[in-house]
Structure formats: C-alpha cells, structure tokens
Amino acid sequence: MTFSQESFEVFERAILDYHKTDNIDAPIVNPYQEKSIEFYLYLKNWIDTVQWHLEDIIRDPQIDPVKALGIKRRIDRSNQERTDLVELIDSYFLDKFKSVKPLPAATINTESPAWAVDRLSILALKIFHMRIEAERKDTPADQQKRCQDKLAVLLEQKKDLSTAIDMLLDDMAAGRKFMKVYKQMKMYNDPTLNPVLYGQNGSK
C-alpha cells in the first residue's frame with residue numbers, strides 16, 4: 001500500500017469517527033500509537049473535520065454575532081494548530097530522507113510533502129460530504145446529478161493527487177527531488193507582529 005493510500009484510510013477513519021457524534025466539541029480518541037505518523041495524520045484530519053463544521057455553523061445567517069465571533073476565533077486557533085501539525089509531519093519526512101544524497105540534477109518541489117498531504121486530507125472531507133449530497137433522495141434530480149458529477153471530479157482529483165504525492169516521495173527517496181521547509185510566518189496571531197494587538201499593548 002502506498003503512503004497516499006495509507007493516509008487516505010486514516011483520514012476516512014477520522015471522518016467516520018467524528019461523525020459518530022457529529023459534535024464539534026466531542027473529545028478526540030486517537031486510535032493510533034502516539035507519535036506515529038498515523039497518529040499525526042489522524043489528528044490532522046480531525047482538526048480539519050471539526051473546522052469544516054465550524055465553517056458551516058458560522059455561515060448560518062441567523063447566528064448570534066457574539067457566538068460567531070467566538071467561532072471565528074476558534075477557527076483562527078484551528079488554523080494555527082493545522083499549520084503546526086503540517087510542519088510536524090514535514091519533520092517526519094525530513095527525518096525519513098535525511099540520509100538520501102540529492103543527485104546533481106535534483107530539483108525542489110513547489111510544495112513540501114506534508115502540504116500535499118494536507119490537501120489530500122481536505123479532499124477526503126470534500127468526497128465524504130459530496131457523496132452524502134449525491135445520495136440524498138429529498139432533492140431534485142438535477143441537483144443530485146450536479147452533485148454526482150462533482151463527486152466524480154473529486155474522485156479523479158483524489159487519484160491524481162495521490163499519484164503526485166507518491167511520485168514525489170519516490171523521487172525524494174531516489175534523490176531526484178529534495179525538500180526544504182519554510183516555517184509559516186503567520187503574523188495575525190502574533191501579538192508582536194499584528195498592529196492591532198501590539199497597538200493595544202501600547203508598544204506601537
């Protein structure tokens with residue numbers, strides 16, 4: 001089984017586990033060995049799944065503004081956790097390929113392996129939810145057809161993205177590609193870099 005196949009299975013398990021309660025506040029029970037790559041992949045998708053539903057909730061036109069602000073701040077924290085976890089997964093790949101000497105003609109990829117896996121995690125969520133919409137019986141036939149068409153595109157995208165991820169990892173193992181990780185320099189959560197925050201502290 002390829003890495004992308006293993007990852008997608010972990011993502012699907014996390015999605016199904018979340019939907020046993022379908023509750024954004026449900027505690028996570030990670031079934032994988034702590035600090036294993038599967039453990040981090042499961043945690044990654046759980047964060048994505050909770051955030052998916054937070055994004056649904058905040059779009060309720062009748063939502064109380066105070067509740068909406070609380071959810072927006074929770075989404076901001078979730079985005080930071082997601083970014084930190086992607087960087088941690090990239091550390092796994094850096095360690096995995098640390099002994100590989102890049103070939104003289106080796107090239108760098110446009111994104112690191114973990115950011116590609118991040119896209120696969122989101123894609124797993126899109127497929128899960130689009131499949132639900134495509135199989136609904138209480139919607140007009142034309143809507144069902146649109147959703148079925150979209151699901152087909154998502155499944156094709158999954159195939160292409162999975163192939164690209166596995167090819168990248170194969171190229172890295174062979175020294176044809178090398179990776180560099182640039183830490184995400186998010187500024188809005190940093191009280192020393194966000195003008196609104198450091199202005200409040202009187203240090204502007």
# chains A, B, ... in the order shown; residues from 1 in each chain; ligands from 1
>>> select_by_dssp(residues="region 20-180 of chain A", states="strand (DSSP E or B)", output="list in words")
Thr107, Ile108, Lys177 and Phe178 of chain A
>>> atom_distance(atom1="CA of Arg74 (chain A)", atom2="CA of Lys20 (chain A)")
22.0 Å
>>> atom_distance(atom1="CA of Glu156 (chain A)", atom2="CA of Arg131 (chain A)")
13.7 Å
>>> atom_distance(atom1="CA of Met172 (chain A)", atom2="CA of Phe97 (chain A)")
7.1 Å
>>> residues_around(residues="Ser99 (chain A)", least_positions_apart="5", cutoff="12 Å", atoms="only C-alpha atoms", output="list of chain:residue names")
A:Phe93, A:Leu94, A:Met172, A:Ala173, A:Ala174, A:Gly175, A:Phe178
>>> closest_residue(among="A:Asp60, A:Glu133, A:Asp142, A:Asp84", to="Ala114 (chain A)", atoms="only C-alpha atoms")
A:Asp84
